[in-house]
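Here is the file target30.cif (mmCIF, C-alpha atoms and all ligand atoms).
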data_run
#
loop_
_atom_site.label_atom_id
_atom_site.label_comp_id
_atom_site.auth_asym_id
_atom_site.auth_seq_id
_atom_site.Cartn_x
_atom_site.Cartn_y
_atom_site.Cartn_z
CA MET H 638 -32.17 15.02 -5.73
CA ALA H 639 -30.48 17.22 -8.31
CA ARG H 640 -26.93 16.15 -9.07
CA GLU H 641 -24.42 18.60 -7.73
CA LEU H 642 -21.63 19.37 -10.18
CA GLN H 643 -18.29 20.17 -8.61
CA LYS H 644 -14.81 21.35 -9.42
CA ILE H 645 -12.48 18.45 -8.70
CA ILE H 646 -8.69 18.42 -8.54
CA VAL H 647 -7.15 14.98 -9.16
CA MET H 648 -3.56 14.61 -7.94
CA GLY H 649 -1.72 12.00 -10.06
CA LEU H 650 -2.67 11.05 -13.63
CA GLY H 651 -1.61 7.41 -13.73
CA TYR H 652 -3.57 4.17 -14.07
CA ILE H 653 -6.11 5.28 -11.43
CA GLY H 654 -6.07 9.10 -11.49
CA LEU H 655 -6.47 9.50 -15.26
CA PRO H 656 -9.46 7.15 -15.70
CA THR H 657 -11.14 8.62 -12.58
CA ALA H 658 -10.55 12.23 -13.68
CA SER H 659 -11.86 11.48 -17.18
CA MET H 660 -14.91 9.62 -15.87
CA LEU H 661 -15.82 12.53 -13.56
CA ALA H 662 -15.35 15.00 -16.42
CA THR H 663 -17.68 13.05 -18.72
CA LYS H 664 -20.31 13.21 -15.95
CA GLY H 665 -20.22 17.01 -16.12
CA HIS H 666 -17.82 17.86 -13.30
CA THR H 667 -15.03 20.35 -13.99
CA VAL H 668 -11.80 18.42 -13.48
CA VAL H 669 -8.20 19.57 -13.26
CA GLY H 670 -5.76 16.66 -13.35
CA VAL H 671 -2.38 17.41 -11.80
CA ASP H 672 0.82 15.51 -12.49
CA VAL H 673 4.54 16.20 -12.04
CA ASN H 674 5.26 14.61 -15.44
CA GLU H 675 5.17 17.47 -17.95
CA ALA H 676 5.12 15.14 -20.96
CA ALA H 677 2.05 13.35 -19.55
CA VAL H 678 0.31 16.69 -18.92
CA ASN H 679 0.93 17.82 -22.51
CA THR H 680 -0.16 14.47 -23.95
CA ILE H 681 -3.44 14.52 -22.00
CA ASN H 682 -4.17 18.15 -22.92
CA SER H 683 -3.88 17.15 -26.58
CA GLY H 684 -6.55 14.47 -25.94
CA ARG H 685 -4.14 11.51 -25.98
CA ILE H 686 -2.85 9.11 -23.31
CA HIS H 687 0.58 8.13 -22.00
CA ILE H 688 -0.36 4.71 -20.58
CA ILE H 689 -1.93 1.61 -22.12
CA GLU H 690 -5.45 0.59 -21.04
CA PRO H 691 -8.31 -0.56 -23.28
CA ASP H 692 -10.67 2.29 -24.34
CA LEU H 693 -9.01 4.85 -22.04
CA ASP H 694 -7.93 6.83 -25.12
CA ILE H 695 -11.59 7.26 -26.16
CA LEU H 696 -12.66 8.36 -22.67
CA VAL H 697 -9.81 10.87 -22.29
CA ARG H 698 -10.38 12.31 -25.76
CA SER H 699 -14.06 12.84 -25.05
CA ALA H 700 -13.35 14.34 -21.59
CA VAL H 701 -10.77 16.79 -22.98
CA ASN H 702 -12.93 17.68 -26.01
CA SER H 703 -15.91 18.41 -23.73
CA GLY H 704 -13.81 21.11 -22.06
CA ASN H 705 -14.39 19.52 -18.64
CA LEU H 706 -10.92 17.97 -18.26
CA ARG H 707 -7.59 19.67 -18.41
CA ALA H 708 -4.19 18.64 -17.09
CA SER H 709 -1.81 20.88 -15.21
CA LEU H 710 1.49 20.79 -13.36
CA VAL H 711 0.03 22.70 -10.41
CA PRO H 712 -3.17 22.37 -8.37
CA GLU H 713 -5.75 25.10 -7.93
CA GLU H 714 -8.80 25.79 -5.75
CA GLY H 715 -11.76 23.42 -6.03
CA ASP H 716 -14.46 21.58 -4.09
CA THR H 717 -12.91 18.11 -3.87
CA PHE H 718 -9.29 16.94 -4.08
CA ILE H 719 -8.61 13.30 -5.04
CA ILE H 720 -5.16 11.87 -4.33
CA ALA H 721 -4.19 8.99 -6.65
CA VAL H 722 -0.41 8.76 -6.44
CA PRO H 723 1.90 5.74 -6.05
CA THR H 724 2.53 4.16 -2.62
CA PRO H 725 5.60 1.93 -3.11
CA PHE H 726 7.80 0.53 -0.37
CA LYS H 727 11.23 1.59 0.84
CA VAL H 728 14.01 0.46 3.17
CA GLU H 729 13.53 1.98 6.63
CA GLY H 730 15.83 0.94 9.48
CA ASP H 731 15.66 -2.85 9.68
CA ASN H 732 12.43 -2.97 7.63
CA PRO H 733 13.28 -3.49 3.93
CA LYS H 734 9.61 -3.20 2.89
CA ALA H 735 8.32 -0.14 4.77
CA PRO H 736 5.55 1.91 3.10
CA ASP H 737 6.86 4.92 1.22
CA LEU H 738 4.29 7.70 1.73
CA SER H 739 6.42 10.45 0.22
CA TYR H 740 4.16 10.83 -2.85
CA VAL H 741 1.00 11.05 -0.69
CA GLU H 742 2.69 13.60 1.57
CA ALA H 743 3.97 15.64 -1.38
CA ALA H 744 0.52 15.67 -3.02
CA THR H 745 -1.08 16.75 0.29
CA ARG H 746 1.45 19.55 0.78
CA ALA H 747 0.88 20.66 -2.82
CA ILE H 748 -2.88 21.13 -2.27
CA VAL H 749 -2.64 22.67 1.20
CA PRO H 750 -2.35 26.31 -0.03
CA TYR H 751 -5.51 25.89 -2.18
CA LEU H 752 -7.77 24.41 0.51
CA ARG H 753 -10.93 26.19 1.66
CA GLU H 754 -13.46 25.53 4.40
CA ASP H 755 -15.77 22.57 3.61
CA ASN H 756 -13.41 21.05 1.02
CA LEU H 757 -13.19 17.27 0.78
CA ILE H 758 -9.89 15.38 0.36
CA ILE H 759 -10.24 11.82 -0.92
CA LEU H 760 -7.32 9.39 -0.75
CA GLU H 761 -7.63 6.70 -3.45
CA SER H 762 -4.04 5.39 -3.28
CA THR H 763 -3.68 2.04 -1.50
CA SER H 764 -2.21 3.06 1.85
CA PRO H 765 -1.25 1.74 5.26
CA VAL H 766 -3.71 2.15 8.11
CA GLY H 767 -3.67 5.73 9.43
CA THR H 768 -2.75 7.50 6.18
CA THR H 769 -6.05 9.40 5.85
CA GLU H 770 -5.53 10.71 9.39
CA LEU H 771 -1.96 11.62 8.43
CA ILE H 772 -3.33 13.76 5.60
CA GLU H 773 -5.61 15.55 8.08
CA ARG H 774 -2.63 16.11 10.35
CA ILE H 775 -0.54 17.64 7.56
CA VAL H 776 -3.41 20.00 6.69
CA ARG H 777 -3.98 20.91 10.35
CA GLU H 778 -0.33 21.72 10.94
CA ALA H 779 0.02 23.85 7.81
CA ARG H 780 -3.39 25.55 8.03
CA PRO H 781 -4.51 25.51 11.70
CA GLU H 782 -7.46 27.77 10.85
CA LEU H 783 -8.93 24.89 8.79
CA ALA H 784 -8.76 22.30 11.62
CA GLY H 785 -12.02 20.36 11.64
CA LYS H 786 -13.29 22.31 8.64
CA VAL H 787 -11.77 20.20 5.83
CA HIS H 788 -13.17 16.68 5.36
CA ALA H 789 -11.05 13.59 4.57
CA ALA H 790 -12.02 10.11 3.37
CA HIS H 791 -10.35 7.02 1.97
CA CYS H 792 -12.02 5.51 -1.12
CA PRO H 793 -9.59 2.80 -2.18
CA GLU H 794 -9.34 2.06 -5.88
CA ARG H 795 -10.22 -1.55 -6.75
CA VAL H 796 -9.97 -1.71 -10.54
CA LEU H 797 -8.19 -4.50 -12.39
CA PRO H 798 -5.64 -3.32 -14.98
CA GLY H 799 -6.99 -4.32 -18.40
CA HIS H 800 -10.60 -3.83 -17.24
CA ILE H 801 -10.29 -0.45 -15.52
CA LEU H 802 -13.14 1.40 -17.21
CA ARG H 803 -15.73 -1.33 -16.64
CA GLU H 804 -14.66 -1.93 -13.04
CA LEU H 805 -14.55 1.81 -12.26
CA VAL H 806 -18.28 1.97 -12.95
CA ASP H 807 -19.45 -1.50 -11.84
CA ASN H 808 -17.39 -2.36 -8.74
CA ASP H 809 -18.74 -1.72 -5.26
CA ARG H 810 -16.80 1.06 -3.50
CA ILE H 811 -15.71 1.34 0.11
CA ILE H 812 -15.85 4.85 1.54
CA GLY H 813 -14.14 5.40 4.87
CA GLY H 814 -14.35 8.86 6.36
CA THR H 815 -12.67 10.40 9.36
CA THR H 816 -16.15 11.86 10.08
CA LYS H 817 -19.72 11.01 9.04
CA ALA H 818 -19.90 14.25 7.08
CA ALA H 819 -16.85 13.23 5.04
CA VAL H 820 -18.50 9.90 4.18
CA ALA H 821 -21.72 11.62 3.08
CA LYS H 822 -19.85 14.08 0.86
CA ALA H 823 -17.67 11.39 -0.76
CA LYS H 824 -20.67 9.13 -1.28
CA ALA H 825 -22.56 11.85 -3.15
CA LEU H 826 -19.60 12.30 -5.50
CA TYR H 827 -18.99 8.60 -6.23
CA LYS H 828 -22.68 8.10 -6.91
CA THR H 829 -22.32 10.36 -9.94
CA PHE H 830 -20.41 7.63 -11.82
CA CYS H 831 -20.45 4.41 -9.78
CA ASN H 832 -23.20 1.83 -10.36
CA GLY H 833 -21.90 -0.50 -7.63
CA ALA H 834 -22.93 -0.32 -3.99
CA ILE H 835 -21.26 2.38 -1.89
CA LEU H 836 -20.17 0.85 1.40
CA GLU H 837 -19.71 3.26 4.30
CA THR H 838 -17.16 2.88 7.09
CA ASP H 839 -14.38 4.74 8.92
CA SER H 840 -11.06 5.57 7.27
CA LYS H 841 -8.91 2.97 9.07
CA THR H 842 -11.28 0.12 8.26
CA ALA H 843 -11.36 1.23 4.62
CA GLU H 844 -7.55 1.31 4.51
CA LEU H 845 -7.24 -2.18 5.96
CA SER H 846 -10.04 -3.60 3.78
CA LYS H 847 -8.19 -2.64 0.63
CA LEU H 848 -4.92 -4.14 1.89
CA VAL H 849 -6.79 -7.27 2.92
CA GLU H 850 -8.29 -7.73 -0.57
CA ASN H 851 -4.87 -7.83 -2.20
CA SER H 852 -3.36 -9.93 0.61
CA PHE H 853 -6.18 -12.46 0.23
CA ARG H 854 -5.23 -12.86 -3.42
CA ASP H 855 -1.51 -13.02 -2.62
CA VAL H 856 -2.01 -15.73 0.02
CA ASN H 857 -4.14 -17.76 -2.37
CA ILE H 858 -1.64 -17.45 -5.22
CA ALA H 859 1.11 -18.47 -2.77
CA PHE H 860 -0.89 -21.61 -2.00
CA ALA H 861 -1.00 -22.42 -5.73
CA ASN H 862 2.70 -21.65 -6.16
CA GLU H 863 3.62 -23.86 -3.20
CA LEU H 864 1.50 -26.65 -4.67
CA SER H 865 3.36 -26.36 -7.98
CA VAL H 866 6.69 -26.89 -6.21
CA ILE H 867 5.31 -29.84 -4.22
CA CYS H 868 3.80 -31.42 -7.34
CA ASP H 869 7.07 -31.02 -9.23
CA LYS H 870 8.90 -32.84 -6.46
CA LEU H 871 6.34 -35.66 -6.49
CA GLY H 872 6.23 -35.89 -10.30
CA ILE H 873 2.55 -34.91 -10.42
CA ASN H 874 0.89 -32.45 -12.80
CA VAL H 875 -0.13 -29.42 -10.71
CA TRP H 876 -2.64 -28.10 -13.26
CA GLU H 877 -4.54 -31.36 -13.33
CA THR H 878 -4.39 -31.60 -9.52
CA ILE H 879 -5.82 -28.08 -9.12
CA SER H 880 -8.53 -28.55 -11.71
CA LEU H 881 -9.62 -31.79 -10.03
CA ALA H 882 -9.56 -30.26 -6.52
CA ASN H 883 -11.54 -27.26 -7.81
CA ARG H 884 -14.41 -29.58 -8.70
CA HIS H 885 -15.17 -29.68 -4.96
CA PRO H 886 -17.99 -27.19 -4.34
CA ARG H 887 -16.05 -25.25 -1.70
CA VAL H 888 -12.53 -25.33 -3.21
CA ASN H 889 -11.29 -22.65 -5.60
CA ILE H 890 -7.50 -22.73 -5.92
CA LEU H 891 -5.86 -20.03 -8.05
CA GLN H 892 -3.22 -20.64 -10.71
CA PRO H 893 0.53 -21.03 -10.12
CA GLY H 894 2.95 -19.06 -12.25
CA PRO H 895 6.51 -17.70 -12.29
CA GLY H 896 5.76 -15.45 -9.27
CA VAL H 897 3.56 -12.48 -8.43
CA GLY H 898 4.15 -9.10 -9.99
CA GLY H 899 2.53 -5.72 -10.51
CA HIS H 900 2.48 -2.66 -8.32
CA CYS H 901 -0.33 -3.88 -6.02
CA ILE H 902 -0.36 -7.51 -4.93
CA ALA H 903 3.42 -7.78 -4.67
CA VAL H 904 3.52 -4.59 -2.55
CA ASP H 905 0.37 -4.05 -0.47
CA PRO H 906 0.63 -7.09 1.88
CA TRP H 907 3.91 -5.62 3.16
CA PHE H 908 1.92 -2.64 4.50
CA ILE H 909 0.04 -5.02 6.79
CA VAL H 910 3.29 -6.75 7.78
CA SER H 911 4.85 -3.35 8.58
CA SER H 912 1.88 -2.42 10.82
CA ALA H 913 1.76 -5.78 12.64
CA PRO H 914 5.10 -7.56 12.06
CA LYS H 915 4.67 -10.20 14.75
CA GLU H 916 1.03 -10.97 14.00
CA ALA H 917 1.06 -11.04 10.16
CA ARG H 918 2.79 -14.42 9.89
CA LEU H 919 0.76 -16.00 7.09
CA ILE H 920 0.71 -12.80 5.05
CA ARG H 921 4.49 -12.46 5.31
CA THR H 922 5.10 -16.11 4.46
CA ALA H 923 2.83 -15.87 1.40
CA ARG H 924 4.87 -12.91 0.16
CA GLU H 925 8.06 -14.89 0.68
CA VAL H 926 6.67 -17.96 -1.10
CA ASN H 927 5.65 -15.83 -4.08
CA ASP H 928 8.93 -13.91 -4.11
CA ASP H 929 10.86 -17.22 -4.07
CA LYS H 930 9.08 -18.62 -7.09
CA PRO H 931 11.23 -16.87 -9.74
CA HIS H 932 14.35 -18.40 -8.14
CA TRP H 933 12.79 -21.84 -8.29
CA VAL H 934 12.04 -21.31 -12.01
CA ILE H 935 15.65 -20.22 -12.60
CA GLU H 936 16.92 -23.41 -10.94
CA ARG H 937 14.68 -25.49 -13.20
CA VAL H 938 16.08 -23.74 -16.27
CA ARG H 939 19.63 -24.35 -15.03
CA ALA H 940 18.90 -28.06 -14.59
CA LYS H 941 17.51 -28.39 -18.13
CA ALA H 942 20.30 -26.26 -19.63
CA ALA H 943 22.95 -28.49 -18.05
CA ARG H 944 21.91 -31.24 -20.50
CA PHE H 945 23.13 -29.10 -23.45
CA LYS H 946 26.53 -27.76 -24.41
CA GLU H 947 25.52 -24.26 -25.55
CA PRO H 948 21.71 -24.15 -25.35
CA VAL H 949 19.59 -21.41 -26.85
CA ILE H 950 16.94 -20.56 -24.26
CA ALA H 951 13.95 -18.56 -25.52
CA CYS H 952 12.03 -16.77 -22.75
CA LEU H 953 8.45 -15.98 -23.76
CA GLY H 954 6.91 -13.04 -21.90
CA LEU H 955 8.28 -10.18 -19.81
CA THR H 956 5.20 -8.43 -18.41
CA PHE H 957 3.73 -9.09 -14.95
CA LYS H 958 0.62 -10.73 -16.41
CA ALA H 959 -1.05 -11.61 -19.70
CA ASN H 960 -2.06 -9.25 -22.49
CA ILE H 961 -0.74 -6.03 -20.95
CA ASP H 962 2.51 -4.09 -21.48
CA ASP H 963 3.26 -3.42 -17.79
CA MET H 964 6.60 -4.78 -16.50
CA ARG H 965 6.46 -3.33 -12.96
CA GLU H 966 7.66 -5.85 -10.33
CA SER H 967 7.44 -8.49 -13.08
CA PRO H 968 8.76 -11.92 -12.00
CA SER H 969 9.23 -12.81 -15.68
CA LEU H 970 11.50 -9.84 -16.20
CA GLU H 971 13.42 -10.76 -13.05
CA ILE H 972 13.91 -14.32 -14.33
CA VAL H 973 15.11 -13.21 -17.78
CA GLN H 974 17.46 -10.63 -16.31
CA HIS H 975 18.94 -13.24 -14.02
CA LEU H 976 19.33 -15.84 -16.81
CA ARG H 977 21.07 -13.27 -19.01
CA GLY H 978 23.79 -12.97 -16.38
CA ALA H 979 23.97 -16.68 -15.59
CA GLN H 980 26.19 -17.86 -18.48
CA ILE H 981 24.25 -21.04 -19.10
CA GLY H 982 23.60 -20.46 -22.80
CA GLU H 983 22.24 -17.90 -25.24
CA ILE H 984 19.16 -16.15 -23.82
CA LEU H 985 16.51 -14.83 -26.21
CA ALA H 986 13.65 -12.69 -24.86
CA CYS H 987 10.38 -12.28 -26.68
CA ASP H 988 7.25 -10.29 -25.78
CA PRO H 989 4.86 -9.11 -28.49
CA ASN H 990 3.20 -6.69 -26.02
CA VAL H 991 6.39 -4.84 -25.07
CA ASP H 992 7.65 -1.96 -27.17
CA PRO H 993 11.30 -2.94 -27.98
CA ALA H 994 12.34 0.65 -27.27
CA LYS H 995 11.06 0.26 -23.67
CA ALA H 996 12.62 -3.17 -23.09
CA PRO H 997 15.74 -3.20 -20.89
CA PHE H 998 17.53 -5.51 -23.39
CA PRO H 999 17.12 -6.49 -27.06
CA LEU H 1000 14.00 -8.50 -27.94
CA THR H 1001 13.64 -11.33 -30.46
CA ASP H 1002 10.48 -11.87 -32.52
CA LEU H 1003 8.45 -14.99 -31.78
CA LYS H 1004 9.18 -16.73 -35.08
CA THR H 1005 12.97 -16.40 -34.69
CA ALA H 1006 12.79 -17.40 -31.02
CA LEU H 1007 10.88 -20.57 -31.90
CA GLN H 1008 13.26 -21.42 -34.74
CA LYS H 1009 16.44 -21.00 -32.70
CA ALA H 1010 15.44 -22.29 -29.25
CA ASP H 1011 16.54 -25.57 -27.70
CA ILE H 1012 14.68 -24.69 -24.52
CA LEU H 1013 11.40 -22.76 -24.44
CA LEU H 1014 10.59 -21.00 -21.17
CA LEU H 1015 6.97 -19.84 -21.12
CA LEU H 1016 6.60 -17.04 -18.55
CA VAL H 1017 3.43 -15.16 -19.50
CA ASP H 1018 0.19 -16.53 -20.94
CA HIS H 1019 -0.16 -13.87 -23.65
CA GLU H 1020 -2.71 -14.79 -26.35
CA GLU H 1021 0.04 -15.08 -28.97
CA PHE H 1022 1.73 -17.85 -26.94
CA MET H 1023 -1.49 -19.68 -26.04
CA ASP H 1024 -2.48 -19.92 -29.70
CA LEU H 1025 0.89 -21.32 -30.87
CA ASP H 1026 0.84 -24.20 -33.33
CA ARG H 1027 1.95 -27.13 -31.13
CA GLU H 1028 3.92 -28.57 -34.12
CA LEU H 1029 6.38 -25.67 -33.70
CA ILE H 1030 7.25 -26.62 -30.12
CA LYS H 1031 7.02 -30.40 -30.17
CA ASP H 1032 10.79 -30.96 -30.48
CA LYS H 1033 11.79 -28.42 -27.84
CA VAL H 1034 12.50 -28.83 -24.16
CA VAL H 1035 9.62 -26.89 -22.63
CA ILE H 1036 9.35 -25.23 -19.21
CA ASP H 1037 5.79 -23.98 -19.03
CA THR H 1038 5.34 -21.90 -15.86
CA LYS H 1039 1.70 -21.05 -16.68
CA GLY H 1040 0.48 -24.49 -17.75
CA VAL H 1041 -0.86 -23.24 -21.09
CA TRP H 1042 0.74 -25.90 -23.34
CA ARG H 1043 -0.53 -28.87 -21.37
N1 LIG H 1101 -1.46 -14.29 -10.59
C1 LIG H 1101 -1.11 -15.63 -10.47
N2 LIG H 1101 -2.11 -16.57 -10.36
C2 LIG H 1101 -3.41 -16.22 -10.37
C3 LIG H 1101 -3.78 -14.86 -10.48
C4 LIG H 1101 -2.77 -13.91 -10.58
O1 LIG H 1101 0.07 -15.98 -10.47
O2 LIG H 1101 -4.26 -17.14 -10.30
C5 LIG H 1101 -0.40 -13.25 -10.68
C6 LIG H 1101 -0.44 -12.46 -11.99
O3 LIG H 1101 0.21 -13.15 -13.02
C7 LIG H 1101 0.29 -11.19 -11.56
C8 LIG H 1101 -0.15 -11.01 -10.11
O4 LIG H 1101 -0.63 -12.28 -9.69
O5 LIG H 1101 1.67 -11.37 -11.62
C9 LIG H 1101 -1.22 -9.97 -9.88
O6 LIG H 1101 -2.22 -10.03 -10.89
P1 LIG H 1101 -3.79 -9.89 -10.59
O7 LIG H 1101 -4.50 -10.00 -11.87
O8 LIG H 1101 -4.18 -10.83 -9.51
O9 LIG H 1101 -3.97 -8.45 -9.93
P2 LIG H 1101 -3.48 -6.95 -10.32
O10 LIG H 1101 -2.22 -6.68 -9.56
O11 LIG H 1101 -3.48 -6.68 -11.76
O12 LIG H 1101 -4.72 -6.11 -9.66
C10 LIG H 1101 -5.04 -6.29 -8.27
C11 LIG H 1101 -6.55 -6.53 -8.15
N3 LIG H 1101 -6.85 -6.98 -6.80
C12 LIG H 1101 -7.60 -8.10 -6.58
O13 LIG H 1101 -8.03 -8.80 -7.47
C13 LIG H 1101 -7.90 -8.43 -5.15
C14 LIG H 1101 -7.31 -5.24 -8.47
O14 LIG H 1101 -8.71 -5.40 -8.24
C15 LIG H 1101 -6.78 -4.08 -7.62
O15 LIG H 1101 -7.45 -2.85 -7.90
C16 LIG H 1101 -5.31 -3.93 -7.95
O16 LIG H 1101 -4.63 -5.14 -7.55
C17 LIG H 1101 -4.78 -2.72 -7.18
O17 LIG H 1101 -4.58 -1.66 -7.82
O18 LIG H 1101 -4.65 -2.80 -5.96
#
Translate the structure described by the file into structure tokens.
Ligand code: SAJ
Amino acid sequence: MARELQKIIVMGLGYIGLPTASMLATKGHTVVGVDVNEAAVNTINSGRIHIIEPDLDILVRSAVNSGNLRASLVPEEGDTFIIAVPTPFKVEGDNPKAPDLSYVEAATRAIVPYLREDNLIILESTSPVGTTELIERIVREARPELAGKVHAAHCPERVLPGHILRELVDNDRIIGGTTKAAVAKAKALYKTFCNGAILETDSKTAELSKLVENSFRDVNIAFANELSVICDKLGINVWETISLANRHPRVNILQPGPGVGGHCIAVDPWFIVSSAPKEARLIRTAREVNDDKPHWVIERVRAKAARFKEPVIACLGLTFKANIDDMRESPSLEIVQHLRGAQIGEILACDPNVDPAKAPFPLTDLKTALQKADILLLLVDHEEFMDLDRELIKDKVVIDTKGVWR
């Protein structure tokens, strides 16, 4: 079957929209990427990128140079519209973690005037159950003449930050349509760049499957974090315990840390809790266990600091995980911010991956931090910290939340 090239409008040029738009453009589709951030639009049109992700700069440059990708502040007519905008949470009534669909709604309203019969709208943003149908409803209300004539599907993104380009091509994809025709259309498009299996379902099942993937990980990290607190109380090494237990053929415990961060795993389980508050007991508890972990770390630092008169406490790592520059929902950042206000000593913060201009407080280089510190608080397993000469830390009081200096 000959490959059908399309004109595709991608709404949102962030960590998901930009790689997807660029990938489609390099496969020959004509792609217009739309974003409200004018600086990002200009940067992309000059062939550069405004976010950090390995090799994304090369892909964007080649997509822009081919003439198939351009960025714009406004949408235009096309064949397929892909929505890849943030879905954070917000306070709503007595629910402090209700899904905030304002970006999805705004993106839908922005494309409504450009829709034509037989267009396909694909929602990639991780969303609560029913959001794809909500998009259809918004279109129907604004353009009644298009009712039943515009297709909608949910194709949840699944890529891991740091490995986005590889996973975009290799991962299996779930495609959930509100109709069979929507599934068939979306499948044909994803086949143009995806080597993984394309798994067909309805839109609500696709929405829940994505939320379930991230909740599964959250629950399993919560188990590891709870174990770390139990082991500490019993005076047992949690890392050794987990590595021994994992030698059982059917046990695979994840790693404890200072908490769970990022814009996905710390957020998405709440969408399930919001949809089924009474039923989602384990999912809610896992979120609470993971959200409590930074406070537990802070208490441990306080206890160690109390042994000194004016301790210098060097905090190593601010990002939400290793070897990236992303500080969104970062438990490490939360811990350092809290310690800075706690008046228990001098707090130094060090992160070789964070641009000092983007840090919310002054940063200290690693060498100075190691020289001055009485207490070393390891928060992120960045390569630079893993490779440290153990001689440099042997006389320090160490709180290693990632178990890298065992
Ligand atoms: N973490 C631990 N212990 C572990 C693993 C992770 O404490 O054993 C922490 C990390 O330090 C970090 C947080 O969990 O703070 C999340 O990191 P992550 O690497 O587990 O996941 P994300 O948020 O970078 O990406 C996830 C991925 N989902 C799954 O693996 C199920 C990714 O595939 C999704 O596309 C992404 O969420 C998303 O956008 O939804």
Query - d(atom O18 of ligand LIG 1101 (chain H), CA of Thr724 in chain H) in Å - result: 10.5 Å
Report task. For Asp963 in chain H, work out the shell of residues within 9 Å, counting all atoms listed in the file and skipping chain neighbours fewer than 5 positions away, then give it as a list in words. Result ->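 Here the answer would be Ile689, Gly899, Leu955, Thr956, Phe957, Lys958, Asn990 and Val991 of chain H.
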Save out the residues we just selected, C-alpha atoms, as a PDB file, in the frame of the given file.
ATOM      1  CA  ILE H 689      -1.930   1.610 -22.120  1.00  0.00           C
ATOM      2  CA  GLY H 899       2.530  -5.720 -10.510  1.00  0.00           C
ATOM      3  CA  LEU H 955       8.280 -10.180 -19.810  1.00  0.00           C
ATOM      4  CA  THR H 956       5.200  -8.430 -18.410  1.00  0.00           C
ATOM      5  CA  PHE H 957       3.730  -9.090 -14.950  1.00  0.00           C
ATOM      6  CA  LYS H 958       0.620 -10.730 -16.410  1.00  0.00           C
ATOM      7  CA  ASN H 990       3.200  -6.690 -26.020  1.00  0.00           C
ATOM      8  CA  VAL H 991       6.390  -4.840 -25.070  1.00  0.00           C
TER       9      VAL H 991
END
Query raised in the report: Which of these residues is nearest to Ala913 in chain H, using only C-alpha atoms: H:Gly670, H:Ile695, H:Ala735, H:Phe860?
Result: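 Once distances to Ala913 in chain H are computed over only C-alpha atoms, the minimum belongs to H:Ala735.
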Determine, for each residue of chain H having at least one atom at most 6 Å from an atom of ligand LIG 1101 (chain H), the closest pair of atoms and their separation in Å to one decimal, counting all atoms listed in the file; order by chain and ascending number, as JSON lines.
{"residue": "H:Glu794", "atom": "CA", "partner": "H:LIG1101", "partner_atom": "O15", "distance": 5.6}
{"residue": "H:Arg795", "atom": "CA", "partner": "H:LIG1101", "partner_atom": "O15", "distance": 3.3}
{"residue": "H:Val796", "atom": "CA", "partner": "H:LIG1101", "partner_atom": "O15", "distance": 3.8}
{"residue": "H:Leu797", "atom": "CA", "partner": "H:LIG1101", "partner_atom": "C14", "distance": 4.1}
{"residue": "H:Pro798", "atom": "CA", "partner": "H:LIG1101", "partner_atom": "O11", "distance": 5.1}
{"residue": "H:Glu850", "atom": "CA", "partner": "H:LIG1101", "partner_atom": "C13", "distance": 4.6}
{"residue": "H:Asn851", "atom": "CA", "partner": "H:LIG1101", "partner_atom": "C13", "distance": 4.3}
{"residue": "H:Arg854", "atom": "CA", "partner": "H:LIG1101", "partner_atom": "C13", "distance": 5.5}
{"residue": "H:Ile858", "atom": "CA", "partner": "H:LIG1101", "partner_atom": "N2", "distance": 5.2}
{"residue": "H:Leu891", "atom": "CA", "partner": "H:LIG1101", "partner_atom": "O2", "distance": 4.0}
{"residue": "H:Gln892", "atom": "CA", "partner": "H:LIG1101", "partner_atom": "O2", "distance": 3.7}
{"residue": "H:Pro893", "atom": "CA", "partner": "H:LIG1101", "partner_atom": "O1", "distance": 5.1}
{"residue": "H:Gly894", "atom": "CA", "partner": "H:LIG1101", "partner_atom": "O1", "distance": 4.6}
{"residue": "H:Gly896", "atom": "CA", "partner": "H:LIG1101", "partner_atom": "O1", "distance": 5.8}
{"residue": "H:Val897", "atom": "CA", "partner": "H:LIG1101", "partner_atom": "O5", "distance": 3.9}
{"residue": "H:Gly898", "atom": "CA", "partner": "H:LIG1101", "partner_atom": "O5", "distance": 3.7}
{"residue": "H:Gly899", "atom": "CA", "partner": "H:LIG1101", "partner_atom": "O10", "distance": 4.9}
{"residue": "H:Cys901", "atom": "CA", "partner": "H:LIG1101", "partner_atom": "O18", "distance": 4.5}
{"residue": "H:Ile902", "atom": "CA", "partner": "H:LIG1101", "partner_atom": "O10", "distance": 5.1}
{"residue": "H:Phe957", "atom": "CA", "partner": "H:LIG1101", "partner_atom": "O5", "distance": 4.5}
{"residue": "H:Lys958", "atom": "CA", "partner": "H:LIG1101", "partner_atom": "O3", "distance": 4.2}
Query raised in the report: With all atoms listed in the file as the atoms that count, which of H:Ile867, H:Val926, H:Val904, H:Val875 lies nearest to Asp1037 in chain H?
Result: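 Of the candidates, the smallest distance to Asp1037 in chain H is held by H:Val875.
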**Report entry** Nearest residue to Asp731 in chain H from the set H:Gly954, H:Gly813, H:Pro914, H:Gly833 (distances using all atoms listed in the file)
**Finding:**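 Of all the options, H:Pro914 lies closest to Asp731 in chain H.
CA of Thr829 in chain H lies 26.4 Å from CA of Ala677 in chain H.
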Requested in this report: Would you mind reading off the distance between CA of Lys664 in chain H and CA of Val787 in chain H, one decimal, in Å?
Outcome: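 Here the two named atoms are 24.4 Å from each other.
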Report task. Kindly indicate which residue among H:Ala1010, H:Leu953, H:Val910, H:Leu1025 lies nearest to Pro989 in chain H, using all atoms listed in the file for the distances. Result ->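 Closest to Pro989 in chain H of all the choices is H:Leu953.
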